Amino acid sequence: MSNARILGTGGFLPARVVTNAELAQRVDTSDEWIVSRTGIRERRIAAPDESTCDLAEGAARQALDAAGCLATEIDLVIVATTTPDRVFPGTACLLQDRLGIHGPAAFDVQAVCSGFVYGLTIAEKFIRTGSAKRALVVGAETMSRIIDWQDRSTCVLFGDGAGAVVLGASDEPGILSSHLHADGAYKDLLTAKNTMTDSGCLLRAAGPVTMRGNEVFRMAVTTLDGLVGETLAASGLQQADIKWLVPHQANTRIIAATAKRLGLSMDQVIVTVDRHGNTSAASVPLAFDAGVRDGRIQRGDVVLMEAFGGGFTWGAVLLRY
C-alpha cells in the first residue's frame, strides 16, 4: 500500500473585500463587536458572475502548478462544497471539464465546514489501496449566496474562497492518520434548509444559514478536544511532535482552545480567519496553502488539520508534509 502525500497546494480568493466597517453600515454591529467575538476583520465576497467552480478552478490550477503535475495526470477529483453551482452535475464534474480531465472519477463531498477533511480522507483511501495515483482535492464555497445579510449573528461570519491540494502516491510518509465523525442529532443547531412552496417546488437551493451560536461553540470546543486525543493515540505520536495546527477558521476562541489543548503557542497555529472569515469547506486548505506559501510550513513538518461543521460533522487529518 502506498503512502498518500501532499504534492502541492493552491488557494484562490475573490477580489472584493468586505470589511467589518462596511457591514456595520448594513446591520446593527461594529468592528469592535465582531473582532472581539470572532477575530474576523474582513472577508472576500464573490462577484455576481463568479461561481463556486470559478473559485475551485483558480485554486486547483495553483495546486497543480505547485505539484509540477499536469491535469491529465489526475485520476480522481473531489470537491468539498455546500454551495454547488448546480443541483447536478456536481461541481467536481464541472471542474473536471474545465481542467480537461476526462474519464476518472469526480464527485462532490458535502460535510459543510468539515468537507475538505472528509474529502482528503477519502482521497487518501483511494491512493493507499491503489485505486488512484494522483488526486485533486478542493474545498470551495460561495457562502455569501446562502447568507441572510440582515441577520447580524451570521452575516458577519462567512466569506467565499477555495483551497486545493494535489495528493499523490509516495514512498515517503504523508498522511499518518485520519478520523471522521458525525452526529445528526444536532442538525438544527447549525443549518441551511431548502425552501419549498406548498406544491413542493423548490424556491431556493439552500439557505439562509441559521445558527444557535453559543451551543455550537460549546459543542465544537468539547468535540475537538476529544478528537485531538483520538488522533494522537492512533498515530503513536505525542503532542510535542506536532509542529503546526491548521484548524477550521470559524472563530479565534475555538482555535485558541484547541491550541491550548495541544500545548501549542499561537505562533504554531495557521490563522486566516481575520482576513478570510469562515469559508466553510475552503477554510482548512486555504489556511494550509497560506502556511506553505509564506514558508512557515516546511517539508517534513508534522501538521494537524481539524474541522467542525454543521451536521454536526467533525474530523482530523494528521500528516507529515
# chains A, B, ... in the order shown; residues from 1 in each chain; ligands from 1
$ closest_atom_pairs --of "range 2-118 of chain A" --to "range 168-179 of chain A" --cutoff "9 Å" --atoms "only C-alpha atoms" --output "CSV"
residue,atom,partner,partner_atom,distance
A:Ser2,CA,A:Ala169,CA,5.6
A:Asn3,CA,A:Ser170,CA,5.2
A:Ala4,CA,A:Ala169,CA,4.9
A:Arg5,CA,A:Gly174,CA,4.0
A:Ile6,CA,A:Gly168,CA,6.3
A:Leu7,CA,A:Gly168,CA,6.3
A:Val117,CA,A:Ser178,CA,8.4
A:Tyr118,CA,A:His179,CA,8.7
$ select_by_dssp --residues "range 26-252 of chain A" --states "strand (DSSP E or B)" --output "PyMOL selection string"
chain A and resi 42-45+76-80+105-109+134-142+158+160-170+175-182+190-192+195-196+202-204+209-211+244-247
$ closest_residue --among "A:Gly10, A:Gly103, A:Pro48, A:Gly119" --to "Ile78 in chain A" --atoms "only C-alpha atoms"
A:Gly119
$ closest_atom_pairs --of "range 143-209 of chain A" --to "range 241-258 of chain A" --cutoff "12 Å" --atoms "only C-alpha atoms" --output "tab-separated table"
residue	atom	partner	partner_atom	distance
A:Thr154	CA	A:Ala250	CA	11.4
A:Val156	CA	A:Ala250	CA	11.2
A:Leu157	CA	A:Ala250	CA	7.6
A:Phe158	CA	A:Ala250	CA	8.4
A:Gly159	CA	A:Ala250	CA	10.4
A:Leu176	CA	A:Ile242	CA	11.9
$ write_last_selection --atoms "N, CA and C atoms" --output "PDB file, in the first residue's frame"
ATOM      1  N   THR A 154     -25.101  36.016  11.776  1.00  0.00           N
ATOM      2  CA  THR A 154     -24.445  35.131  10.811  1.00  0.00           C
ATOM      3  C   THR A 154     -23.751  35.868   9.664  1.00  0.00           C
ATOM      4  N   VAL A 156     -21.881  38.339   9.511  1.00  0.00           N
ATOM      5  CA  VAL A 156     -20.523  38.816   9.779  1.00  0.00           C
ATOM      6  C   VAL A 156     -19.498  37.684   9.742  1.00  0.00           C
ATOM      7  N   LEU A 157     -19.965  36.439   9.708  1.00  0.00           N
ATOM      8  CA  LEU A 157     -19.068  35.301   9.914  1.00  0.00           C
ATOM      9  C   LEU A 157     -18.441  34.745   8.648  1.00  0.00           C
ATOM     10  N   PHE A 158     -19.173  34.782   7.541  1.00  0.00           N
ATOM     11  CA  PHE A 158     -18.788  33.944   6.405  1.00  0.00           C
ATOM     12  C   PHE A 158     -18.149  34.715   5.263  1.00  0.00           C
ATOM     13  N   GLY A 159     -17.349  33.997   4.484  1.00  0.00           N
ATOM     14  CA  GLY A 159     -16.720  34.539   3.296  1.00  0.00           C
ATOM     15  C   GLY A 159     -16.641  33.476   2.219  1.00  0.00           C
ATOM     16  N   LEU A 176      -0.683  10.453   8.062  1.00  0.00           N
ATOM     17  CA  LEU A 176      -0.361   9.463   9.096  1.00  0.00           C
ATOM     18  C   LEU A 176      -1.614   8.836   9.688  1.00  0.00           C
TER      19      LEU A 176
END
$ closest_residue --among "A:Asp160, A:Asp28, A:Asp183, A:Glu50" --to "Ala111 in chain A" --atoms "only C-alpha atoms"
A:Asp183
$ residues_around --residues "Cys93 in chain A" --least-positions-apart "4" --cutoff "9 Å" --atoms "only C-alpha atoms" --output "PyMOL selection string"
chain A and resi 77-79+89+97-98+105-108
$ atom_distance --atom1 "CA of Gly311 in chain A" --atom2 "CA of Ala185 in chain A"
8.0 Å
$ residues_around --residues "Ser283 in chain A" --least-positions-apart "5" --cutoff "8 Å" --atoms "only C-alpha atoms" --output "PyMOL selection string"
chain A and resi 113+139+161-163+248-249+278
$ write_last_selection --atoms "C-alpha atoms" --output "compact mmCIF listing (two decimals), in the first residue's frame"
# COMPACT_ATOMS: atom_id res chain seq x y z
CA CYS A 113 -17.01 23.03 7.27
CA GLY A 139 -12.68 22.89 -0.84
CA GLY A 161 -12.95 31.22 -1.41
CA ALA A 162 -11.30 27.96 -2.44
CA GLY A 163 -8.28 25.91 -1.45
CA HIS A 248 -11.05 25.24 10.55
CA GLN A 249 -11.24 29.02 10.54
CA ASN A 278 -15.37 31.39 7.79
$ atom_distance --atom1 "CA of Gly68 in chain A" --atom2 "CA of Ala135 in chain A"
13.3 Å
$ residues_around --residues "Pro104 in chain A" --least-positions-apart "2" --cutoff "8 Å" --atoms "only C-alpha atoms" --output "list in words"
Ile74, Asp75, Leu76, Val77, Ile101, His102 and Ala106 of chain A
$ write_last_selection --atoms "C-alpha atoms" --output "short mmCIF file (atom, residue, chain, number, x, y, z; two decimals), in the first residue's frame"
data_model
loop_
_atom_site.label_atom_id
_atom_site.label_comp_id
_atom_site.auth_asym_id
_atom_site.auth_seq_id
_atom_site.Cartn_x
_atom_site.Cartn_y
_atom_site.Cartn_z
CA ILE A 74 -5.05 13.41 -12.11
CA ASP A 75 -7.15 10.26 -11.75
CA LEU A 76 -9.53 11.40 -9.00
CA VAL A 77 -11.27 14.76 -8.46
CA ILE A 101 -9.73 15.77 -17.44
CA HIS A 102 -11.95 13.09 -18.98
CA ALA A 106 -15.18 13.01 -9.95
#
$ closest_residue --among "A:Phe12, A:Phe116, A:Trp149, A:Tyr321" --to "Thr210 in chain A" --atoms "only C-alpha atoms"
A:Trp149
$ closest_residue --among "A:Thr72, A:Ser51, A:Ser153, A:Ser144" --to "Trp33 in chain A" --atoms "only C-alpha atoms"
A:Ser153
$ closest_residue --among "A:Ala259, A:Arg275, A:Thr19, A:Thr81" --to "Gly39 in chain A" --atoms "only C-alpha atoms"
A:Arg275
$ closest_residue --among "A:Ala240, A:Leu304, A:Val138, A:Ile270" --to "Leu55 in chain A" --atoms "only C-alpha atoms"
A:Val138
